Amino acid sequence: MTTENTAPEPTPGAEPTTPFHDLGRYVALPRASGLTLSGDGARLVTSVATLDDKGVKYASALWEIDPTGERPARRLTRSRQGEQGAAFTPAGDLLFTSARPDPSGKEGDEEPPSALWLLPADGAEARVVAVRSSGVGHPLVARRAPVVVVTSDVLPHARDTAHDEQLRTARKEKKVSAILHSGYPVRYWDHDLGPAAPHLLTARITDDLVAPQAGDKDPSLALRDLTTDVGPALHETSADLSPAGTTVVTSWLKPLAKGAQRSVLVAIDTATGERRTLVDDETADASAPVISPDGAWVAFTRETISTPLVAPRVSLALVPLAGGPWQPLAETWDRWPHGVTWLPDSAALLVVADDDGRAPVFRIEVPSGAVARVTLDDAAFSNLQVSPAGDAVYALRTSYLAPEHPVRIDLVAAAHGPVLAVALPAPAPAPELPGTLAEVETTTADGVRVRAWLAQPAGTGPEHPAPLLLWIHGGPLGSWNGWSWRWNPWLLVAQGYAVLLPDPALSTGYGQAFIQRGWGAWGGAPFTDLMAITDEVCARDDIDPTRTAAMGGSFGGYMANWVAGHTDRFEAIVTHASLWALDQFGPTTDAAYYWAREMTDEMALANSPHRFVEQIATPMLVVHGDRDYRVPIGEGLRLWYELLSRSALAADDAGHTPHRFLYFPDETHWVLAPQHATIWYSVVSTFLAEHVLHEARDLPDLLG
């Protein structure tokens with residue numbers, strides 16, 4: 001076990017001062033995301049979300065970070081609506097998307113859709129360069145040519161842009177929201193699909209676009225549709241544009257029998273719109289294409305089609321951009337890579353992969369597939385941006401010690417072994433933490449190592465043991481390895497709890513066999529792993545084993561429900577957006593075809609928590625949002641009714657029960673609105689205080 005102190009010892013009688021002791025201060029903390037580097041390597045831009053003055057939504061602004069680390073970060077944009085999706089042009093101008101009003105628009109215009117804006121490199125004022133009534137998505141810009149590609153939704157019967165706008169206006173005026181589907185899926189995570197579908201549009205960035213003449217009407221991009229007959233193939237896909245701007249490669253959803261689908265790779269000529277299939281693998285989904293700087297290769301992610309008996313496997317592959325057979329890359333590497341970026345000479349690429357509770361950067365040689373770890377940090381990295389000389393990579397780094405912040409990684413030094421990333425001046429300092437972080441592990445009865453992070457309050461020790469909260473991650477194919485604003489352990493640490501963040505069977509970062517241990521048997525090894533690591537931590541003299549609770553969301557919520565029906569060791573259980581009756585969940589989730597690959601009907605029944613409701617003798621707080629399409633609200637409604645009617649703590653003759661149901665009519669799989677996040681944490685902490693600490697606390701007044 002290793003321990004890292006992250007907070008000073010408290011001064012007796014002093015009031016806590018960290019943002020985690022005050023939900024209002026916590027939700028107002030700035031949140032960085034995304035990173036983009038200019039072609040010359042001189043400018044680095046990130047997006048920072050901050051709370052609006054009413055405290056009901058976040059708006060993002062673009063900030064410039066000095067890649068040399070010498071100058072402080074400076075803000076580039078400012079508006080109530082916010083800006084995001086930054087991308088540099090070859091000339092160094094900055095494109096971004098925003099729904100802020102166009103100063104040249106008409107008086108009285110309604111709330112505008114997201115438009116494409118250009119911020120000239122010479123410091124001139126930003127202005128709109130592309131507007132569509134359906135909005136404009138984040139831009140892709142060619143590295144060596146003035147070509148841009150964007151996404152925009154188009155109605156299926158629209159003949160052109162003008163006709164699309166007419167149809168939208170008619171639907172809006174008649175208040176028609178109906179959608180006629182002929183395929184599957186019909187919704188995804190938190191939004192309905194259709195009737196419009198995403199299209200790819202392209203344009204050239206002309207000189208007059210950047211420097212319009214005084215008195216002239218401001219020029220705009222002449223967007224041209226590359227995918228006029230696309231249908232729903234580009235829903236939730238990703239694309240990349242070749243360095244010369246001649247070809248865009250995109251993942252493409254191919255419909256299959258029985259409502260299933262598979263992702264293939266398609267190359268589209270930006271001049272003619274002609275399409276050709278690059279990869280169509282019947283045994284796997286091909287996605288996340290990234291074109292090499294020399295324009296010769298496309299690296300992509302290959303995820304094998306799972307079966308109820310065999311878990312999926314994620315790996316990298318290469319295919320020639322000109323066409324030809326694809327080939328595996330680093331095929332024997334037992335990790336799941338993502339976030340691919342090429343080095344400038346096209347001889348190697350960098351990736352991120354979950355690994356033992358971290359997500360380091362790795363270098364993979366082409367074509368040998370040799371893998372070498374680049375970063376030494378106990379952290380997770382994302383948004384890799386390689387310098388033009390290939391001597392450094394910029395990234396966002398996060399861990400349970402700090403939220404996302406920009407760093408520089410020395411690739412020259414990394415050639416001799418893993419290195420520590422160097423922090424760059426960030427738009428906001430990392431918040432002070434209210435405790436310490438430790439790494440713990442145990443060995444299960446079947447001889448498997450299971451590890452976890454343990455966050456503890458400052459001052460915890462044998463004389464002041466802390467109550468324990470077991471937090472179970474979602475996915476289930478994931479890992480507790482990076483900062484989460486939604487599931488942040490430090491908020492509960494600030495209230496005196498120790499929070500255990502384990503990676504049980506099915507977690508990524510421990511090899512394919514570790515995933516396979518829990519595949520098709522969610523109630524097996526994942527459950528016993530969780531209990532084993534909880535036993536290990538409860539044996540410590542700085543933990544109070546008589547005061548414990550369990551919490552989880554999504555798959556973690558499923559596991560919380562399973563725990564409730566299989567042990568009474570916890571004083572309280574919180575289950576968020578949770579799977580309850582697997583036979584009901586399977587056909588109603590937004591990707592039922594995927595679920596059908598994961599479990600047979602017999603497996604689903606054997607692993608369904610609802611079968612054990614009579615054995616639930618622990619007070620449960622059920623949380624669900626009505627707009628959750630991944631785990632539909634029916635799961636929460638059925639769980640709530642069956643707790644009240646059939647559990648060991650069912651409602652009595654007067655209707656009293658210790659169970660509670662926190663319902664959000666307009667939230668999704670997550671609770672995203674800051675005011676609702678505050679309610680969520682307030683209700684959770686009040687529920688836990690009642691049953692774990694045996695303290696009575698007031699609920700938020702805003703609950704009515």
# chains A, B, ... in the order shown; residues from 1 in each chain; ligands from 1
$ select_by_dssp --residues "segment 275-463 of chain A" --states "strand (DSSP E or B)" --output "number ranges by chain"
A: 275-279, 284-291, 297-304, 314-320, 327-329, 337-342, 348-353, 355, 358-359, 361-365, 371-373, 375, 380-386, 392-399, 402-410, 419, 422-423, 435-443, 449-457, 461
$ residues_around --residues "Ala648 of chain A" --least-positions-apart "2" --cutoff "8 Å" --atoms "only C-alpha atoms" --output "list in words"
Val613, Glu614, Gln615, Ile616, Ala617, Arg646 and Ala650 of chain A
$ closest_residue --among "A:Ala392, A:Ala330, A:Ala402, A:Ala466" --to "Ala32 of chain A" --atoms "only C-alpha atoms"
A:Ala402
$ atom_distance --atom1 "atom CA of Ser479 of chain A" --atom2 "atom CA of Ala359 of chain A"
9.2 Å
$ closest_residue --among "A:Leu349, A:Leu662, A:Ala380, A:Val563" --to "Ser682 of chain A" --atoms "only C-alpha atoms"
A:Leu662
$ decode --residues "segment 381-409 of chain A" --atoms "C-alpha atoms" --output "compact mmCIF listing (two decimals), in the first residue's frame"
# COMPACT_ATOMS: atom_id res chain seq x y z
CA PHE A 381 -4.17 11.62 -19.40
CA SER A 382 -6.37 12.76 -22.29
CA ASN A 383 -6.47 15.12 -25.29
CA LEU A 384 -2.92 14.42 -26.47
CA GLN A 385 -1.43 17.16 -28.69
CA VAL A 386 2.02 16.52 -30.20
CA SER A 387 4.38 19.40 -30.95
CA PRO A 388 5.39 19.92 -34.61
CA ALA A 389 8.95 18.79 -33.84
CA GLY A 390 7.74 15.70 -32.02
CA ASP A 391 9.80 16.57 -28.94
CA ALA A 392 6.84 17.11 -26.60
CA VAL A 393 3.22 16.19 -26.14
CA TYR A 394 0.68 18.35 -24.34
CA ALA A 395 -2.23 16.78 -22.49
CA LEU A 396 -4.79 17.17 -19.77
CA ARG A 397 -3.79 15.29 -16.62
CA THR A 398 -6.16 14.23 -13.87
CA SER A 399 -6.24 11.97 -10.83
CA TYR A 400 -8.08 11.88 -7.54
CA LEU A 401 -5.62 14.54 -6.40
CA ALA A 402 -6.62 17.15 -8.99
CA PRO A 403 -9.13 17.79 -11.80
CA GLU A 404 -8.06 18.13 -15.45
CA HIS A 405 -5.18 20.55 -15.94
CA PRO A 406 -2.70 21.11 -18.81
CA VAL A 407 0.74 19.50 -18.75
CA ARG A 408 3.80 19.08 -20.98
CA ILE A 409 5.48 15.70 -21.46
